[in-house]
$ cat input.tsv   # TSV, C-alpha atoms
chain	number	residue	atom	x	y	z
H	2	MET	CA	60.10	47.75	56.41
H	3	ARG	CA	61.29	44.25	57.08
H	4	GLU	CA	61.31	43.24	53.40
H	5	GLU	CA	63.36	46.19	52.12
H	6	ILE	CA	66.85	44.81	51.56
H	7	ILE	CA	68.48	48.23	51.09
H	8	VAL	CA	66.99	49.59	54.30
H	9	ARG	CA	68.00	46.48	56.22
H	10	VAL	CA	71.57	46.48	55.00
H	11	GLY	CA	71.85	50.24	55.37
H	12	ALA	CA	70.62	50.20	58.96
H	13	LYS	CA	72.96	47.37	59.87
H	14	PHE	CA	75.83	49.24	58.26
H	15	LEU	CA	75.02	52.55	59.95
H	16	ALA	CA	74.29	51.37	63.49
H	17	PRO	CA	77.90	50.65	64.60
H	18	PHE	CA	79.02	54.03	63.27
H	19	ILE	CA	76.21	55.79	65.15
H	20	ILE	CA	77.22	54.00	68.35
H	21	MET	CA	80.86	54.89	67.76
H	22	PHE	CA	79.91	58.51	67.13
H	23	ALA	CA	77.96	58.59	70.40
H	24	LEU	CA	81.01	57.38	72.30
H	25	TYR	CA	83.16	59.96	70.49
H	26	VAL	CA	80.71	62.73	71.42
H	27	HIS	CA	80.87	61.65	75.04
H	28	PHE	CA	84.59	61.16	75.47
H	29	HIS	CA	85.45	64.17	73.32
H	30	GLY	CA	82.96	66.43	75.07
H	31	ASP	CA	85.79	68.16	76.94
H	32	TYR	CA	87.24	69.44	73.69
H	33	SER	CA	84.35	69.79	71.27
H	34	PRO	CA	80.60	70.35	71.38
H	35	GLY	CA	78.61	67.59	72.94
H	36	GLY	CA	78.62	65.65	76.15
H	37	GLY	CA	76.74	62.97	78.00
H	38	PHE	CA	73.27	64.17	77.06
H	39	GLN	CA	73.85	64.30	73.32
H	40	ALA	CA	75.78	61.04	73.41
H	41	GLY	CA	72.93	59.32	75.22
H	42	VAL	CA	70.40	60.50	72.67
H	43	ILE	CA	72.59	59.42	69.74
H	44	LEU	CA	73.17	56.01	71.31
H	45	ALA	CA	69.43	55.59	71.81
H	46	ALA	CA	68.83	56.67	68.21
H	47	ALA	CA	71.02	53.81	66.98
H	48	PHE	CA	68.80	51.26	68.71
H	49	ALA	CA	65.64	53.08	67.63
H	50	LEU	CA	66.84	52.81	64.03
H	51	LEU	CA	67.47	49.09	64.41
H	52	ALA	CA	64.06	48.63	66.03
H	53	LEU	CA	62.31	50.49	63.21
H	54	VAL	CA	63.92	48.28	60.59
H	55	TYR	CA	64.25	44.89	62.26
H	56	GLY	CA	61.29	45.08	64.63
H	57	LEU	CA	61.04	45.56	68.34
H	58	GLU	CA	61.50	41.90	69.28
H	59	ALA	CA	64.87	41.60	67.56
H	60	VAL	CA	66.27	44.65	69.35
H	61	GLN	CA	64.82	43.65	72.70
H	62	ARG	CA	66.69	40.37	72.49
H	63	VAL	CA	69.90	42.43	72.53
H	64	LEU	CA	68.72	45.25	74.77
H	65	PRO	CA	65.86	44.09	76.99
H	66	LEU	CA	63.48	46.49	78.70
H	67	TRP	CA	64.66	45.64	82.20
H	68	PHE	CA	68.18	46.64	81.20
H	69	THR	CA	67.21	50.05	79.83
H	70	ARG	CA	65.08	50.74	82.89
H	71	MET	CA	68.02	49.82	85.09
H	72	CYS	CA	70.23	52.17	83.03
H	73	ALA	CA	67.81	55.05	83.61
H	74	ALA	CA	68.19	54.68	87.38
H	75	LEU	CA	71.86	53.72	87.31
H	76	GLY	CA	72.93	56.98	85.66
H	77	VAL	CA	71.38	59.11	88.40
H	78	LEU	CA	73.09	56.83	90.91
H	79	ILE	CA	76.48	57.35	89.23
H	80	PHE	CA	76.04	61.12	89.23
H	81	ALA	CA	74.93	61.31	92.84
H	82	GLY	CA	77.50	58.69	93.81
H	83	VAL	CA	80.36	60.85	92.53
H	84	GLY	CA	79.12	63.56	94.89
H	85	VAL	CA	79.07	61.15	97.81
H	86	VAL	CA	82.58	59.94	97.01
H	87	THR	CA	83.95	63.48	96.95
H	88	MET	CA	82.26	64.11	100.31
H	89	LEU	CA	83.83	60.97	101.79
H	90	LEU	CA	87.20	62.24	100.55
H	91	GLY	CA	86.68	65.38	102.61
H	92	HIS	CA	85.57	67.87	99.97
H	93	ASN	CA	82.23	69.45	99.05
H	94	TYR	CA	79.46	67.47	97.39
H	95	LEU	CA	80.47	67.22	93.70
H	96	GLY	CA	83.77	68.94	94.49
H	97	TYR	CA	85.77	67.08	91.87
H	98	ASN	CA	89.12	68.39	93.12
H	99	ALA	CA	89.01	65.54	95.61
H	100	LEU	CA	89.43	62.98	92.81
H	101	ALA	CA	92.91	64.20	91.82
H	102	ALA	CA	95.64	61.68	92.56
H	103	ASP	CA	98.15	64.49	92.94
H	104	PRO	CA	96.80	67.31	95.15
H	105	THR	CA	98.99	69.90	93.44
H	106	HIS	CA	97.01	69.37	90.22
H	107	PRO	CA	93.35	69.65	91.24
H	108	GLU	CA	92.29	70.10	87.61
H	109	HIS	CA	93.06	66.41	87.02
H	110	GLY	CA	90.33	65.62	89.52
H	111	GLN	CA	88.01	67.97	87.68
H	112	HIS	CA	88.70	66.02	84.51
H	113	TYR	CA	87.85	62.67	86.12
H	114	GLY	CA	84.79	64.08	87.85
H	115	ILE	CA	83.37	65.63	84.70
H	116	LEU	CA	83.93	62.43	82.73
H	117	LEU	CA	82.19	60.40	85.43
H	118	VAL	CA	79.14	62.61	85.88
H	119	GLU	CA	78.81	62.91	82.10
H	120	LEU	CA	78.86	59.12	82.02
H	121	GLY	CA	75.99	59.18	84.50
H	122	VAL	CA	74.07	61.58	82.26
H	123	LEU	CA	74.77	59.36	79.24
H	124	VAL	CA	73.55	56.20	80.96
H	125	THR	CA	70.37	57.85	82.23
H	126	VAL	CA	69.50	59.60	78.97
H	127	PHE	CA	70.18	56.46	76.96
H	128	GLY	CA	68.08	54.33	79.30
H	129	VAL	CA	65.23	56.83	79.42
H	130	MET	CA	65.07	57.38	75.66
H	131	VAL	CA	65.09	53.68	74.82
H	132	THR	CA	62.59	52.88	77.57
H	133	VAL	CA	60.17	55.58	76.38
H	134	PHE	CA	60.63	54.39	72.80
H	135	TYR	CA	59.91	50.78	73.78
H	136	HIS	CA	56.75	51.83	75.57
H	137	PHE	CA	55.48	53.91	72.64
H	138	ALA	CA	56.41	51.39	69.99
H	139	GLY	CA	55.21	48.34	71.89
H	140	ARG	CA	51.91	49.67	73.11
H	141	GLY	CA	49.75	48.59	70.19
H	142	ARG	CA	50.75	44.93	70.54
H	143	ARG	CA	49.94	42.19	72.96
H	144	ASP	CA	53.40	41.77	74.44
H	145	PRO	CA	55.94	44.61	74.13
I	20	MET	CA	77.16	86.52	54.42
I	21	SER	CA	75.77	85.63	57.81
I	22	ILE	CA	72.75	87.86	57.25
I	23	VAL	CA	71.90	85.98	54.03
I	24	VAL	CA	72.06	82.67	55.88
I	25	ASP	CA	69.88	84.14	58.64
I	26	ILE	CA	67.24	85.35	56.18
I	27	VAL	CA	67.16	82.05	54.30
I	28	LEU	CA	66.87	80.03	57.50
I	29	PHE	CA	64.17	82.26	58.98
I	30	THR	CA	62.18	82.19	55.74
I	31	LEU	CA	62.32	78.41	55.64
I	32	LEU	CA	61.43	78.29	59.34
I	33	GLY	CA	58.38	80.48	58.77
I	34	ALA	CA	57.29	78.46	55.73
I	35	THR	CA	57.66	75.23	57.69
I	36	GLY	CA	55.61	76.70	60.53
I	37	PHE	CA	52.75	77.66	58.19
I	38	ALA	CA	52.88	74.27	56.52
I	39	LEU	CA	52.66	72.65	59.96
I	40	LEU	CA	49.45	74.60	60.58
I	41	LYS	CA	47.81	73.80	57.26
I	42	VAL	CA	48.70	70.16	56.68
I	43	ARG	CA	46.14	67.67	57.96
I	44	ASN	CA	48.11	64.51	57.35
I	45	LEU	CA	49.83	63.83	60.66
I	46	PHE	CA	52.65	61.85	59.06
I	47	ALA	CA	53.58	64.98	57.08
I	48	VAL	CA	53.25	67.04	60.27
I	49	VAL	CA	55.79	64.82	62.05
I	50	MET	CA	58.22	65.12	59.17
I	51	LEU	CA	57.76	68.91	59.03
I	52	ALA	CA	58.36	69.14	62.77
I	53	GLY	CA	61.64	67.30	62.26
I	54	ILE	CA	62.60	69.74	59.50
I	55	TYR	CA	61.65	72.63	61.79
I	56	SER	CA	64.03	71.30	64.45
I	57	LEU	CA	66.80	70.86	61.93
I	58	LEU	CA	66.37	74.46	60.71
I	59	SER	CA	66.42	75.68	64.32
I	60	ALA	CA	69.64	73.76	64.82
I	61	GLY	CA	71.05	75.57	61.82
I	62	LEU	CA	70.06	78.90	63.33
I	63	PHE	CA	71.72	78.00	66.64
I	64	THR	CA	74.87	77.10	64.73
I	65	VAL	CA	74.84	80.51	63.00
I	66	MET	CA	74.56	82.08	66.48
I	67	ASP	CA	77.62	80.07	67.61
I	68	ALA	CA	75.60	78.02	70.09
I	69	VAL	CA	76.98	74.74	68.78
I	70	ASP	CA	76.16	72.67	71.86
I	71	VAL	CA	72.53	73.80	71.76
I	72	ALA	CA	72.36	73.12	68.03
I	73	PHE	CA	73.74	69.63	68.60
I	74	THR	CA	71.10	68.90	71.21
I	75	GLU	CA	68.31	70.31	69.05
I	76	ALA	CA	69.36	68.21	66.08
I	77	ALA	CA	69.70	65.02	68.13
I	78	VAL	CA	66.58	65.39	70.26
I	79	GLY	CA	64.24	67.51	68.14
I	80	ALA	CA	64.96	66.09	64.72
I	81	GLY	CA	66.03	62.61	65.82
I	82	ILE	CA	64.42	61.02	68.83
I	83	SER	CA	61.20	63.07	68.97
I	84	THR	CA	60.43	62.27	65.35
I	85	VAL	CA	60.72	58.58	66.13
I	86	LEU	CA	58.55	58.94	69.25
I	87	PHE	CA	55.94	60.90	67.29
I	88	LEU	CA	55.90	58.13	64.68
I	89	GLY	CA	55.31	55.64	67.48
I	90	ALA	CA	52.43	57.76	68.76
I	91	LEU	CA	51.00	58.01	65.23
I	92	ALA	CA	50.89	54.26	64.95
I	93	LEU	CA	48.56	54.32	67.96
I	94	ALA	CA	46.49	57.37	67.10
I	95	GLY	CA	45.95	57.24	63.32
I	96	HIS	CA	47.29	59.37	60.52
I	97	HIS	CA	44.63	62.01	59.97
I	98	GLU	CA	43.80	65.08	62.03
I	99	HIS	CA	40.09	65.88	62.34
I	100	ARG	CA	38.88	69.39	61.69
I	101	PRO	CA	38.22	71.25	64.93
I	102	GLY	CA	34.56	71.85	65.70
I	103	HIS	CA	34.98	75.43	66.91
I	104	THR	CA	35.90	78.60	65.04
I	105	PRO	CA	39.56	79.60	65.32
I	106	LEU	CA	38.70	83.20	66.27
I	107	LEU	CA	39.24	83.05	70.04
I	108	PRO	CA	42.55	81.13	69.81
I	109	LEU	CA	43.70	83.63	67.20
I	110	VAL	CA	42.96	86.55	69.54
I	111	VAL	CA	44.78	84.84	72.41
I	112	VAL	CA	47.81	84.11	70.25
I	113	VAL	CA	47.96	87.63	68.80
I	114	VAL	CA	47.67	89.27	72.23
I	115	THR	CA	50.27	86.97	73.79
I	116	GLY	CA	52.61	87.39	70.86
I	117	GLY	CA	52.20	91.16	70.97
I	118	ALA	CA	53.01	91.19	74.68
I	119	LEU	CA	56.12	89.13	74.07
I	120	VAL	CA	57.30	91.40	71.25
I	121	TYR	CA	56.61	94.41	73.46
I	122	GLY	CA	58.70	92.75	76.16
I	123	THR	CA	61.68	92.40	73.84
I	124	MET	CA	61.80	96.20	73.40
I	125	ASP	CA	63.28	96.53	76.88
I	126	MET	CA	65.87	93.83	76.35
I	127	PRO	CA	69.48	94.80	75.69
I	128	GLY	CA	70.73	94.52	72.14
I	129	PHE	CA	71.46	90.99	70.90
I	130	GLY	CA	75.11	90.07	71.30
I	131	HIS	CA	76.11	93.44	72.72
I	132	PRO	CA	79.36	93.06	74.71
I	133	GLU	CA	78.14	95.27	77.58
I	134	ASN	CA	75.08	93.10	78.27
I	135	PRO	CA	74.77	92.06	81.92
I	136	VAL	CA	74.59	88.40	80.94
I	137	HIS	CA	78.16	88.63	79.66
I	138	HIS	CA	79.52	90.11	82.87
I	139	HIS	CA	77.92	88.48	85.88
I	140	VAL	CA	79.94	85.27	86.14
I	141	ALA	CA	80.77	84.75	82.47
I	142	ASP	CA	84.02	86.70	82.72
I	143	HIS	CA	85.24	84.41	85.46
I	144	TYR	CA	84.27	81.28	83.51
I	145	LEU	CA	85.96	82.45	80.32
I	146	GLU	CA	89.14	83.67	81.95
I	147	GLU	CA	89.70	81.16	84.74
I	148	SER	CA	88.02	77.93	83.69
I	149	TYR	CA	91.05	76.54	81.87
I	150	ASP	CA	93.21	76.97	84.98
I	151	GLU	CA	90.57	75.75	87.41
I	152	ILE	CA	89.04	72.90	85.41
I	153	GLY	CA	91.69	72.19	82.80
I	154	ILE	CA	89.47	71.44	79.81
I	155	PRO	CA	89.07	73.70	76.78
I	156	ASN	CA	85.30	73.46	76.24
I	157	VAL	CA	83.87	76.07	78.61
I	158	VAL	CA	80.33	74.81	78.05
I	159	THR	CA	81.28	71.42	79.47
I	160	SER	CA	83.07	72.91	82.47
I	161	VAL	CA	80.12	75.14	83.31
I	162	LEU	CA	77.63	72.35	82.78
I	163	ALA	CA	79.36	69.59	84.68
I	164	SER	CA	81.49	71.38	87.25
I	165	TYR	CA	80.46	74.94	88.07
I	166	ARG	CA	76.79	74.06	87.66
I	167	GLY	CA	77.04	70.41	88.63
I	168	TYR	CA	74.04	70.59	90.92
I	169	ASP	CA	71.81	71.83	88.09
I	170	THR	CA	72.95	69.07	85.79
I	171	MET	CA	72.26	66.48	88.46
I	172	GLY	CA	68.79	67.96	88.87
I	173	GLU	CA	68.23	67.76	85.11
I	174	THR	CA	69.34	64.16	85.02
I	175	THR	CA	66.86	63.41	87.79
I	176	VAL	CA	64.12	65.21	85.84
I	177	VAL	CA	64.83	63.06	82.77
I	178	PHE	CA	64.64	59.97	84.95
I	179	ALA	CA	61.36	61.17	86.52
I	180	ALA	CA	59.90	61.76	83.05
I	181	ALA	CA	60.64	58.16	82.11
I	182	VAL	CA	58.99	56.94	85.30
I	183	GLY	CA	55.92	59.00	84.41
I	184	VAL	CA	55.75	57.59	80.87
I	185	MET	CA	56.15	54.04	82.16
I	186	LEU	CA	53.38	54.50	84.72
I	187	LEU	CA	50.99	56.08	82.20
I	188	LEU	CA	51.50	53.68	79.31
I	189	SER	CA	51.77	50.39	81.16
I	190	GLY	CA	48.92	51.36	83.50
I	191	ALA	CA	46.56	51.96	80.60
I	192	ARG	CA	47.43	48.61	79.08
I	193	ARG	CA	46.71	46.80	82.33
I	194	ALA	CA	43.30	48.45	82.70
I	195	ARG	CA	42.34	47.52	79.15
I	196	SER	CA	43.42	43.92	79.46
I	197	ARG	CA	41.42	43.68	82.66
I	198	ALA	CA	38.32	45.17	81.13
I	199	SER	CA	38.20	43.27	77.86
I	200	PRO	CA	37.28	39.74	79.01
I	201	ALA	CA	34.47	41.03	81.24
I	202	GLU	CA	33.10	43.26	78.46
I	203	GLY	CA	33.46	46.38	80.59
I	204	GLY	CA	31.05	45.14	83.24
I	205	GLU	CA	33.13	45.20	86.40
I	206	SER	CA	36.26	46.95	85.29
I	207	ALA	CA	36.19	49.36	88.21
I	208	GLY	CA	35.61	47.19	91.24
I	209	GLY	CA	37.36	43.91	90.47
I	210	PRO	CA	40.42	42.85	92.42
I	211	GLU	CA	43.85	43.08	90.91
I	212	ARG	CA	44.02	40.57	88.12
I	213	PRO	CA	47.50	39.22	87.49
I	214	ARG	CA	49.06	41.08	84.58
I	215	ASN	CA	49.33	38.12	82.29
I	216	ASP	CA	50.32	39.89	79.09
I	217	SER	CA	52.15	43.00	80.19
I	218	ALA	CA	54.29	41.42	82.86
I	219	ALA	CA	55.61	38.74	80.53
I	220	GLY	CA	57.99	40.93	78.60
I	221	ALA	CA	58.52	43.71	81.09
I	222	GLY	CA	59.26	42.16	84.44
I	223	LYS	CA	61.52	39.30	83.57
I	224	GLY	CA	64.77	40.45	85.01
I	225	ASP	CA	64.00	42.93	87.76
I	226	GLU	CA	62.11	40.85	90.26
$ encode --input "input.tsv" --output "structure tokens"
Amino acid sequence: MREEIIVRVGAKFLAPFIIMFALYVHFHGDYSPGGGFQAGVILAAAFALLALVYGLEAVQRVLPLWFTRMCAALGVLIFAGVGVVTMLLGHNYLGYNALAADPTHPEHGQHYGILLVELGVLVTVFGVMVTVFYHFAGRGRRDP
Amino acid sequence: MSIVVDIVLFTLLGATGFALLKVRNLFAVVMLAGIYSLLSAGLFTVMDAVDVAFTEAAVGAGISTVLFLGALALAGHHEHRPGHTPLLPLVVVVVTGGALVYGTMDMPGFGHPENPVHHHVADHYLEESYDEIGIPNVVTSVLASYRGYDTMGETTVVFAAAVGVMLLLSGARRARSRASPAEGGESAGGPERPRNDSAAGAGKGDE
């Protein structure tokens, strides 16, 4: 597909909007359908689209394999880390009320906690999807 | 109106399923599977399960289609005819399907307000979650706060799946690159040959 000018221009035009939509789905997940998981998949789809059109090497220059693998582990660390932080603040594991700056409004802490753990889900799902895609797409060649 | 949409979607779903069975070109099968996911997402939307529909559309119709295409590039585009008769699988499928349909007879009516699933903890979530959590989307508050442990477990499962894929796919490549120069002679017993080709792209930054 590397010679098709319409596909190339179209993919380049679409990719930033897909990435923006993924961020919208994540940060708006409190108010509308969606959340970290869907956002991670959409974000990964943007890079999969670019890789399909421009080739794996071009995308891996921007988003190398070591980075996506690190993302896959980092997201779990963020999620579990939020639990540890709430424990250190004297609440239950993943008890987000601890994160509220003002103890009379514990729902503020819930808001922060949900945003943070959803961020962990996003980072892991994004990293996993792109890593799996790299491995499938790069397997037939000499150097993925 | 909703019943018309239901019938249209289910008819298309059934037609796509039969087409999936009959078509031998695997490229067409991948595309049909994507259409199947998209139709399922439409059905979930009709049933007001918008979050599920979103996930189905993104994962089933989006990423899995791309991954299947990647697998096709490795495995070829044509499905061989099976060597055995389809009689025994047919019997197994019919019996299992019959048992499942029989099982649904005992289930409470779909969407009935007195169903136990709507009264165990759902009442509490629907009535109290805005005061306790402070966000309007109840699905998100259940997923990330009330059931935070489950979501953490799911995130870990996704991570574990990626580790499995990495081990399987990069391990196979290493074994092949080790076997090819020796023409398969001592592929089993030889010491660990340095991974000259696979390590070049993969292990640059994490060592």
$ residues_around --input "input.tsv" --residues "Pro17 of chain H" --least-positions-apart "5" --cutoff "12 Å" --atoms "all atoms listed in the file" --output "number ranges by chain"
H: 11-12, 22-24, 43-44, 46-48, 50-51
$ write_last_selection --input "input.tsv" --atoms "C-alpha atoms" --output "PDB file, in the coordinates of the input"
ATOM      1  CA  GLY H  11      71.850  50.240  55.370  1.00  0.00           C
ATOM      2  CA  ALA H  12      70.620  50.200  58.960  1.00  0.00           C
ATOM      3  CA  PHE H  22      79.910  58.510  67.130  1.00  0.00           C
ATOM      4  CA  ALA H  23      77.960  58.590  70.400  1.00  0.00           C
ATOM      5  CA  LEU H  24      81.010  57.380  72.300  1.00  0.00           C
ATOM      6  CA  ILE H  43      72.590  59.420  69.740  1.00  0.00           C
ATOM      7  CA  LEU H  44      73.170  56.010  71.310  1.00  0.00           C
ATOM      8  CA  ALA H  46      68.830  56.670  68.210  1.00  0.00           C
ATOM      9  CA  ALA H  47      71.020  53.810  66.980  1.00  0.00           C
ATOM     10  CA  PHE H  48      68.800  51.260  68.710  1.00  0.00           C
ATOM     11  CA  LEU H  50      66.840  52.810  64.030  1.00  0.00           C
ATOM     12  CA  LEU H  51      67.470  49.090  64.410  1.00  0.00           C
TER      13      LEU H  51
END
$ atom_distance --input "input.tsv" --atom1 "atom CA of His27 of chain H" --atom2 "atom CA of Val122 of chain H"
9.9 Å
$ interface_residues --input "input.tsv" --of "chain I" --to "chain H" --cutoff "9 Å" --atoms "only C-alpha atoms" --output "ChimeraX atom specification"
/I:69-71,73-74,77-78,81-82,85-90,92-93,149-160,163-164,167-168,170-171,173-175,177-178,180-182,184-185,188-189,192,216-225
$ residues_around --input "input.tsv" --residues "His99 of chain I" --least-positions-apart "3" --cutoff "10 Å" --atoms "all atoms listed in the file" --output "PyMOL selection string"
chain I and resi 43-44+96+102
$ write_last_selection --input "input.tsv" --atoms "C-alpha atoms" --output "mmCIF file, in the frame of the given file"
data_model
loop_
_atom_site.group_PDB
_atom_site.id
_atom_site.type_symbol
_atom_site.label_atom_id
_atom_site.label_comp_id
_atom_site.auth_asym_id
_atom_site.auth_seq_id
_atom_site.Cartn_x
_atom_site.Cartn_y
_atom_site.Cartn_z
ATOM 1 C CA ARG I 43 46.140 67.670 57.960
ATOM 2 C CA ASN I 44 48.110 64.510 57.350
ATOM 3 C CA HIS I 96 47.290 59.370 60.520
ATOM 4 C CA GLY I 102 34.560 71.850 65.700
#
$ atom_distance --input "input.tsv" --atom1 "atom CA of Leu186 of chain I" --atom2 "atom CA of Val49 of chain I"
25.0 Å
$ axis_aligned_box --input "input.tsv" --around "segment 128-133 of chain H" --padding-each-side "4 Å" --output "JSON"
{"center_x": 64.1, "center_y": 55.1, "center_z": 77.1, "size_x": 15.9, "size_y": 12.5, "size_z": 12.6}
$ closest_residue --input "input.tsv" --among "I:Ala52, I:Asp67, I:Leu58, I:Leu45" --to "Leu31 of chain I" --atoms "all atoms listed in the file"
I:Leu58
$ atom_distance --input "input.tsv" --atom1 "atom CA of Tyr55 of chain H" --atom2 "atom CA of Ile7 of chain H"
12.4 Å
$ residues_around --input "input.tsv" --residues "Gly53 of chain I" --least-positions-apart "2" --cutoff "8 Å" --atoms "all atoms listed in the file" --output "list in words"
Val49, Met50, Leu51, Tyr55, Ser56, Leu57, Gly79, Ala80, Gly81, Ser83 and Thr84 of chain I
$ closest_residue --input "input.tsv" --among "I:Phe129, I:Phe46, I:Phe63, I:Tyr165" --to "His97 of chain I" --atoms "all atoms listed in the file"
I:Phe46
$ decode --input "input.tsv" --residues "segment 32-108 of chain H" --atoms "C-alpha atoms" --output "compact mmCIF listing (two decimals), in the first residue's frame"
# COMPACT_ATOMS: atom_id res chain seq x y z
CA TYR H 32 -19.55 11.20 31.59
CA SER H 33 -20.02 9.10 28.48
CA PRO H 34 -19.42 5.53 27.33
CA GLY H 35 -15.83 4.47 27.18
CA GLY H 36 -12.86 4.46 29.46
CA GLY H 37 -9.25 3.39 29.63
CA PHE H 38 -9.71 0.08 27.84
CA GLN H 39 -11.49 1.47 24.80
CA ALA H 40 -9.15 4.44 24.66
CA GLY H 41 -6.12 2.15 24.71
CA VAL H 42 -7.47 0.07 21.85
CA ILE H 43 -8.31 3.16 19.77
CA LEU H 44 -4.86 4.63 20.40
CA ALA H 45 -3.26 1.36 19.32
CA ALA H 46 -5.48 1.30 16.22
CA ALA H 47 -4.08 4.67 15.14
CA PHE H 48 -0.55 3.28 15.11
CA ALA H 49 -1.69 0.03 13.50
CA LEU H 50 -3.24 2.09 10.69
CA LEU H 51 -0.01 4.02 10.19
CA ALA H 52 1.99 0.78 10.22
CA LEU H 53 -0.28 -0.80 7.62
CA VAL H 54 0.15 2.15 5.27
CA TYR H 55 3.69 3.36 5.90
CA GLY H 56 5.30 0.08 6.94
CA LEU H 57 6.43 -1.24 10.25
CA GLU H 58 9.88 0.37 10.20
CA ALA H 59 8.52 3.90 9.86
CA VAL H 60 6.19 3.49 12.84
CA GLN H 61 8.80 1.78 14.96
CA ARG H 62 11.06 4.78 14.54
CA VAL H 63 8.39 6.80 16.37
CA LEU H 64 7.15 4.09 18.71
CA PRO H 65 9.85 1.47 19.27
CA LEU H 66 9.10 -2.01 20.57
CA TRP H 67 10.91 -1.50 23.85
CA PHE H 68 8.66 1.47 24.58
CA THR H 69 5.41 -0.39 23.98
CA ARG H 70 6.63 -3.31 26.08
CA MET H 71 7.49 -0.89 28.86
CA CYS H 72 4.00 0.66 28.54
CA ALA H 73 2.39 -2.77 28.97
CA ALA H 74 4.12 -3.22 32.33
CA LEU H 75 3.91 0.43 33.37
CA GLY H 76 0.11 0.49 33.25
CA VAL H 77 -0.23 -2.39 35.70
CA LEU H 78 2.30 -0.60 37.89
CA ILE H 79 0.23 2.62 37.83
CA PHE H 80 -2.94 0.73 38.74
CA ALA H 81 -1.36 -1.22 41.57
CA GLY H 82 0.61 1.85 42.64
CA VAL H 83 -2.59 3.85 43.19
CA GLY H 84 -3.66 1.10 45.59
CA VAL H 85 -0.37 1.28 47.45
CA VAL H 86 -0.61 5.07 47.72
CA THR H 87 -4.10 4.90 49.18
CA MET H 88 -2.84 2.32 51.69
CA LEU H 89 0.06 4.59 52.69
CA LEU H 90 -2.48 7.37 53.22
CA GLY H 91 -4.25 5.17 55.74
CA HIS H 92 -7.18 3.85 53.71
CA ASN H 93 -8.00 0.50 52.10
CA TYR H 94 -6.16 -0.76 49.04
CA LEU H 95 -7.70 1.14 46.08
CA GLY H 96 -9.81 3.19 48.51
CA TYR H 97 -9.79 6.34 46.42
CA ASN H 98 -11.36 8.48 49.14
CA ALA H 99 -7.84 8.89 50.48
CA LEU H 100 -6.85 10.97 47.44
CA ALA H 101 -9.28 13.81 48.21
CA ALA H 102 -7.54 17.04 49.16
CA ASP H 103 -10.54 18.06 51.25
CA PRO H 104 -11.74 15.20 53.50
CA THR H 105 -15.29 16.54 53.55
CA HIS H 106 -15.57 15.79 49.81
CA PRO H 107 -14.39 12.19 49.42
CA GLU H 108 -15.95 11.97 45.96
